[in-house]
Every structure is written in structure tokens, then in C-alpha cells.
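Below is one structure, written out as C-alpha cells; comments come after it.
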Amino acid sequence: MTTYLETDPSAVSTGVPGRRERFRRPLRPRWLLATFAVAALVVLPVALVASSILTPDAEVWSFLWRTSLLEMVGSTLLLLAGVVIGTLVLGTGLAWLVATYRFPGRGAFSWLLMLPLAVPAYVLGFIYVWLLDTPGPVQSGLRGLFGSDVWFPEVRSMATAIVVLSLALYPYVYLFARAAFAEQAVATHEAARTLGQGPLRVAWRVLLPMARPSLAAGSALVAMETLTDYATVQYFNVETVSVGIYRVWNGMYDRAAATELASLVLVFAVTIIVVERALRGRARYHQQGGSARSVEPVRLTGLRAWTATAACAAVLGVAFVLPAAQLVNWSSLVTLRRSDGGLDSRYLEYATNSLLIAAAAALICLVLAAVVVNARRLGGDRLTAGLARVTTVGYAVPGPVVAVGVLLMFAGLDRALDAAGLDWGRFLVTGSVAGLLYAYVVRFLAVSYNSLDASLEKVTPSMTASALTLGAAPWRVVSRVHLPMVRTGIGVALVLVAVDALKELPIVLLLRPFGFETLAVWVYRLASESRWELAGLPALTIVAVATIPVAVLVRRSMKEVTAW
């Protein structure tokens, strides 16, 4: 009888005594080579930027030091600290509220509070610039009520940038914190209450320490998004290192200085990852009764109940409802003012560009991820598994760093093609969207990989071994066994990558070919010129499409709420 060895899935018995054929050993070089090629494509741009750290240019750093390096570094550190603290307060506080208490609307707010994920920070930023700036409705209304000398804080400032980014990014912390609070066992909570601890003291002394790993992970994501941001902070006149990269590259055309600044952003990113790991530490956060029921929420009544409802409604209103309503208003006004009632031809052109580039990036990422995931399954060795993990590092690298690395690679390819006498080399490299697609693949391949890898867990090693035992070729196993069983993961991967590509701004600003516009770039340009109404429709389109993956999270959250 045929048997399969789970301890070594590459060794499959043939049923003939004394013989055991290894179906994976002959396959290993090809799958290993494919995985190595994908890992090299991901790592090379980042390595080029990192190499400038090892070989710093003293003249470039001297120039940066004389200009605005200290200001950029200081602004970046202050922004990171402010946004991380702001998101921790908002995200953790809201998660604790919906996980610990029952109040009117609690079930709906538990998932509605994730909706701000659909609004990119640069969209939320220009809406609040319009709302709060001197010509905006808030200050205009105050001047009408109290006179022209009424005081109002400076809008285009670091403080406002921190508030806006905190509103845009708090769902990252909220998701992690809510899951951590919901998973904590009732035994731990009740033991603390038995010792005479009140609800707030239990939260501070028990819930938060046990949720530390989740809070650290959420904060790291927030810090990465803040470090990558370019447009939002520029609206508020905050000069960060990421803003400096764009200005040096596109304003001064100084490739060396831009590369050195990109290496500094990479140092910040690595520091964030190290700090996140350090905050987790080697401690293990075990609970007695972890598989039992979670903490039973306390029912609030009277003023306290409605105060909790008002707090959730206020955050949701300023982070999602008000921005979405204003975008709808601007979009309808622009359409109504056209004599023919039609859409701007540029909108159709730029929307087509955005959808095509997003679809192409999603398909390429899907194909490469499918190769890597299946190589890991069919190769079965540690080296292939290690290389597979390397292909996901791009998602932890800020967009400006990826963009500069790709620019360096393609500039070198330009020179090599020119040296070879190929006149079409420059057109091929810099006159197409190849660089933009490549950067998207480096940045978002991890999204596809994680989706497919999670889905492939449904396929047991014995199923793969059975197909190989019956003589099926590797690609036949992939097409007839693996892919049909990961159809859900394929769909999720396509949607997530396409939405990320549609929302992406820093990469496309640095790498887009001349004359190639996307909705994200158009929104940024219109907002920079204070043409708010025209920016409404393309921004609303981005928000509407970005709602799709959020809806997936909402669906899962509704199941969790039902379980509560």
C-alpha cells in the first residue's frame, strides 16, 4: 500500500520494497532558481540604496548639512512621535471601549471605526486644509460671528499634520488592539477584579501589558505609513526627509543627494522594525483559559453610555463621514456645472491609466507570488523557504526608498544599453511604465504572497505528494491541485494589490513617465493648487475603490461581533 511520510514530504514511497523515489529533489534547482530570481528583483533596488550607507559621500552630506538636513530629521522624528502617540490614544481607546463595554451603537461602531482606512491620508489632508484654512468655512464663519480679528491657530503646521495623520492611520492600531482585547480570557480579567482593581486600573495594569505585542505591531505600521507620506505633510508645510527626497530629485535633479536622503529614510525604517521587535521582547504573553470565552462587556447606562456613543461617533464623523460627504458634494457640483452634464475627459483618461497600471501590477504580483509560494511547497527545503520570505521585504520599505532604488537600477540599465549601442534602450527604460510597475512589484509583492500562502495552507503536503506520486508534472500539480484550491486567495491578492497601487502616491510621483497621470497624482496636483472642487471626483473614486478591502475586514468583524 502506498504511504506518505509527513516528516519528509519530498520522500514518497512507490510501493516497491527497497525503493523510494524523491520527486522533489530533481525539481529543487528549478524552483530554487525561480525563487532566487524573484528575491533578487525585490532586494536589488533596496540594496542599491543601502549601499550608499556603507559608502557615504562626504561632499553630499556636507551640502545637506548646510541646507536643511537637521530640520528635516527633526521634523520627521517629531512627526513620527506625534502620530504614533496620537494613533495609540485613539486606536487603543476606541478598541478598549468597544471590547469592554456595551453601549448604544456598539455593535455597528465596532466595524464602522475601520472605515477611515479607505480614505488616503493625502485626501483627508487637503479636505481639512480647505475646511480650516483662512478662506475656509470654519474661519469664515468665526469671522462672521466674532469679527475679523478673531484668533485661530495656525492650520498649516506640524500640530495639524499630526492630528490629520492620526485620524487617517488610527485604524491600524484599532484593529490590532481590538483583536488583542477580544482574545483575552475572562479568567485573567476576573482575577484582577477580584483583587479589588477597578475597570480603568484593570485596563492599565492587565489589558494593555498583555496587548503590548499587538500595539507594537500596529504602531510600527503607523510609523511606516507616516515615514512614507509625502503629500499630506507638504499640505501643512512640514519638511520631512521624504519630502526632501522629492524636492532634491525633481527640483534640483541631484541624484546623489536624493540617494543619500533615501538611505536615511531606510535607516529610519530599519530602526522602526528593531524598536517594534524590542517592544515585543522575548516575553511570552500566555493566559490561562485562552481558549475559553472572552471578557464579558460591561453594560453602560445613562450619561456614560451616551458619552461612549458620542466619542465613537465623533471620531468616525471627522475621520470618514465628513470627508466622504464633502467629496460627494464637490463631485456633484462639478458635474452639475458642466453644460453637457458629462465628465471631464481628463478624469476618464487618468482613471483608465490608474486602473490599467493597478491591474497590471496586481497580475504581475500574482504570477510572481504564485511561483514563490509553489516553489516553497514543491521545493521543500529551508533555502527556498528563506528566499520566499526575502521576497516580502519590500512591503517594509518606504515607497520613496523603493522609487529611488528603481531609478538607480534603471539609470544603470540605460547606461549599459547605450554602451552596447542600442538606441532604443533609453526609450525602453525611461519612456515607459516599466519602472513604475517594477516599483509596485517590489512594494506590493508581499501582499500577494501572504494571501496565496494563507490559502495554500488548505492544501496538505500529502495532497501534493499524492499528485506527484501519480506521475503529475510540477506545473500540472500547480494548475490542477494548488490553484483551484486557492481561488479565494487569488481574488483577495488581486484586489488588495490593485487598491494599494491605485492609492499609491510617492512612488508614482518619482517614477511616472512624462505626461502619464494617475488619479492619485491628479488629486495631489489639484489640491496643491487649491482647486478643491475639481479634486473631489478623482478623490472620491479612490475612496470608493479603497472601500472594497475595508468591506472584507468589515465582513470578518461582523462575524466577530456576532460571536461576542
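By order in the C-alpha cells, chains are A, B, ...; within a chain, residues start at 1; ligands start at 1, following the order shown.
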How close does each residue of stretch 74-172 of chain A get to stretch 220-235 of chain A, giving the shortest atom pair and distance in Å to one decimal for every residue with an atom at most 8 Å away, counting only C-alpha atoms, sorted by chain and residue number, as CSV?
residue,atom,partner,partner_atom,distance
A:Thr76,CA,A:Leu227,CA,7.4
A:Leu79,CA,A:Thr226,CA,7.7
A:Leu80,CA,A:Ala223,CA,6.0
A:Val83,CA,A:Thr226,CA,7.5
A:Val84,CA,A:Ala223,CA,6.4
A:Thr87,CA,A:Val222,CA,7.7
A:Ala121,CA,A:Thr232,CA,6.2
A:Tyr122,CA,A:Thr232,CA,4.5
A:Val123,CA,A:Thr232,CA,7.9
A:Gly125,CA,A:Thr232,CA,5.3
A:Phe126,CA,A:Tyr235,CA,6.8
A:Val129,CA,A:Tyr235,CA,7.4
A:Arg156,CA,A:Tyr235,CA,6.9
A:Ala161,CA,A:Val233,CA,6.0
A:Leu165,CA,A:Thr226,CA,7.5
A:Leu169,CA,A:Val222,CA,6.1
A:Tyr170,CA,A:Val222,CA,7.6
A:Tyr172,CA,A:Val222,CA,6.7
Could you save the residues just selected, with N, CA and C atoms, as a PDB file, in the first residue's frame?
ATOM      1  N   THR A  76      10.880  64.979  10.939  1.00  0.00           N
ATOM      2  CA  THR A  76      10.497  63.578  10.759  1.00  0.00           C
ATOM      3  C   THR A  76      10.332  62.881  12.096  1.00  0.00           C
ATOM      4  N   LEU A  79       7.235  64.268  13.894  1.00  0.00           N
ATOM      5  CA  LEU A  79       6.014  63.775  13.262  1.00  0.00           C
ATOM      6  C   LEU A  79       5.764  62.315  13.626  1.00  0.00           C
ATOM      7  N   LEU A  80       6.812  61.487  13.551  1.00  0.00           N
ATOM      8  CA  LEU A  80       6.665  60.075  13.906  1.00  0.00           C
ATOM      9  C   LEU A  80       6.183  59.914  15.342  1.00  0.00           C
ATOM     10  N   VAL A  83       2.424  61.197  15.699  1.00  0.00           N
ATOM     11  CA  VAL A  83       1.413  60.352  15.057  1.00  0.00           C
ATOM     12  C   VAL A  83       1.295  59.009  15.771  1.00  0.00           C
ATOM     13  N   VAL A  84       2.406  58.431  16.181  1.00  0.00           N
ATOM     14  CA  VAL A  84       2.344  57.154  16.905  1.00  0.00           C
ATOM     15  C   VAL A  84       1.590  57.327  18.221  1.00  0.00           C
ATOM     16  N   THR A  87      -2.198  57.929  17.382  1.00  0.00           N
ATOM     17  CA  THR A  87      -2.909  56.718  16.966  1.00  0.00           C
ATOM     18  C   THR A  87      -3.043  55.715  18.106  1.00  0.00           C
ATOM     19  N   ALA A 121      -4.436  59.318   3.417  1.00  0.00           N
ATOM     20  CA  ALA A 121      -4.086  60.480   4.242  1.00  0.00           C
ATOM     21  C   ALA A 121      -3.999  61.751   3.416  1.00  0.00           C
ATOM     22  N   TYR A 122      -3.517  61.654   2.160  1.00  0.00           N
ATOM     23  CA  TYR A 122      -3.391  62.876   1.364  1.00  0.00           C
ATOM     24  C   TYR A 122      -4.752  63.433   0.946  1.00  0.00           C
ATOM     25  N   VAL A 123      -5.778  62.583   0.897  1.00  0.00           N
ATOM     26  CA  VAL A 123      -7.143  63.060   0.631  1.00  0.00           C
ATOM     27  C   VAL A 123      -7.705  63.731   1.884  1.00  0.00           C
ATOM     28  N   GLY A 125      -6.043  65.062   4.188  1.00  0.00           N
ATOM     29  CA  GLY A 125      -5.262  66.265   4.431  1.00  0.00           C
ATOM     30  C   GLY A 125      -5.777  67.472   3.677  1.00  0.00           C
ATOM     31  N   PHE A 126      -6.027  67.326   2.371  1.00  0.00           N
ATOM     32  CA  PHE A 126      -6.441  68.521   1.628  1.00  0.00           C
ATOM     33  C   PHE A 126      -7.877  68.932   1.989  1.00  0.00           C
ATOM     34  N   VAL A 129      -7.391  71.051   5.052  1.00  0.00           N
ATOM     35  CA  VAL A 129      -6.795  72.340   4.684  1.00  0.00           C
ATOM     36  C   VAL A 129      -7.893  73.272   4.176  1.00  0.00           C
ATOM     37  N   ARG A 156      -1.633  75.323   8.778  1.00  0.00           N
ATOM     38  CA  ARG A 156      -0.540  74.648   8.067  1.00  0.00           C
ATOM     39  C   ARG A 156       0.659  74.537   8.997  1.00  0.00           C
ATOM     40  N   ALA A 161      -0.837  68.565  11.072  1.00  0.00           N
ATOM     41  CA  ALA A 161      -0.411  67.381  10.319  1.00  0.00           C
ATOM     42  C   ALA A 161      -0.474  66.134  11.192  1.00  0.00           C
ATOM     43  N   LEU A 165      -2.967  62.988  10.281  1.00  0.00           N
ATOM     44  CA  LEU A 165      -2.392  61.662  10.071  1.00  0.00           C
ATOM     45  C   LEU A 165      -2.871  60.673  11.139  1.00  0.00           C
ATOM     46  N   LEU A 169      -4.738  57.167  10.243  1.00  0.00           N
ATOM     47  CA  LEU A 169      -3.996  55.926  10.480  1.00  0.00           C
ATOM     48  C   LEU A 169      -4.389  55.183  11.751  1.00  0.00           C
ATOM     49  N   TYR A 170      -5.231  55.768  12.601  1.00  0.00           N
ATOM     50  CA  TYR A 170      -5.556  55.079  13.853  1.00  0.00           C
ATOM     51  C   TYR A 170      -6.176  53.691  13.649  1.00  0.00           C
ATOM     52  N   TYR A 172      -5.182  51.201  12.057  1.00  0.00           N
ATOM     53  CA  TYR A 172      -4.168  50.154  12.159  1.00  0.00           C
ATOM     54  C   TYR A 172      -4.013  49.702  13.607  1.00  0.00           C
TER      55      TYR A 172
END
Practice item. Give me the residues within 7 Å of stretch 488-502 of chain A as number ranges by chain, counting only C-alpha atoms and dropping any in the same chain fewer than 6 places off. Key: A: 354, 358-359, 361-363, 366, 440, 444, 447-448, 451-452, 455, 542, 545-546, 549
Review point. What does the distance between atom CA of A:Arg299 and atom CA of A:Tyr101 come to in Å, to one decimal place?
Key: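 Distance between the two atoms: 5.6 Å.
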Review point. So which residues of stretch 92-244 of chain A fall under alpha helix (DSSP H) by DSSP, listed as a PyMOL selection string?
Key: chain A and resi 93-100+106-112+121-132+137-146+158-183+186-194+199-202+208-210+212-228+231-235+241-244
Point to revise | Residue with smallest distance to A:Ala50 - pool A:Ala313, A:Leu333, A:Val274, A:Val267, counting only C-alpha atoms | key: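 Nearest to A:Ala50: A:Val267.
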Exercise for review: Find the residues around stretch 256-266 of chain A up to 10 Å (only C-alpha atoms counted), leave out those fewer than 5 positions away in its own chain, and share them as a VMD selection string.
Suggested key: chain A and resid 46 to 57 59 to 61 63 to 64 69 72 to 73 76 227 to 228 240 to 250 271 to 272 396 to 405 407 to 408
Review point. Atom CA of A:Gly74 and atom CA of A:Pro153 are how many Å apart?
Key: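 Atom CA of A:Pro153 lies at a distance of 21.9 Å from atom CA of A:Gly74.
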**Study point:** Spatial neighbours of stretch 523-538 of chain A, 9 Å, only C-alpha atoms, chain gap at least 3 places, as a PyMOL selection string
**Key:** chain A and resi 122-123+126-127+130+231+234-235+326-334+347+350-351+505+518-520+541-543
**Study point:** Atomic distance atom CA of A:Glu239 - atom CA of A:Val270, expressed in Å with one decimal
**Key:**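 A separation of 20.9 Å between them.
Proximity to A:Leu215 was assessed for A:Leu511, A:Ile85, A:Leu167, A:Ile364 counting only C-alpha atoms; the smallest distance is recorded for A:Ile85.
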Point to revise | Near-A:Met114 list (8 Å; only C-alpha atoms; drop same-chain fewer than 6 positions) as a list in words | key: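 Contacts, in chain order: Pro171, Tyr174, Leu175, Val550 and Val554 of chain A.
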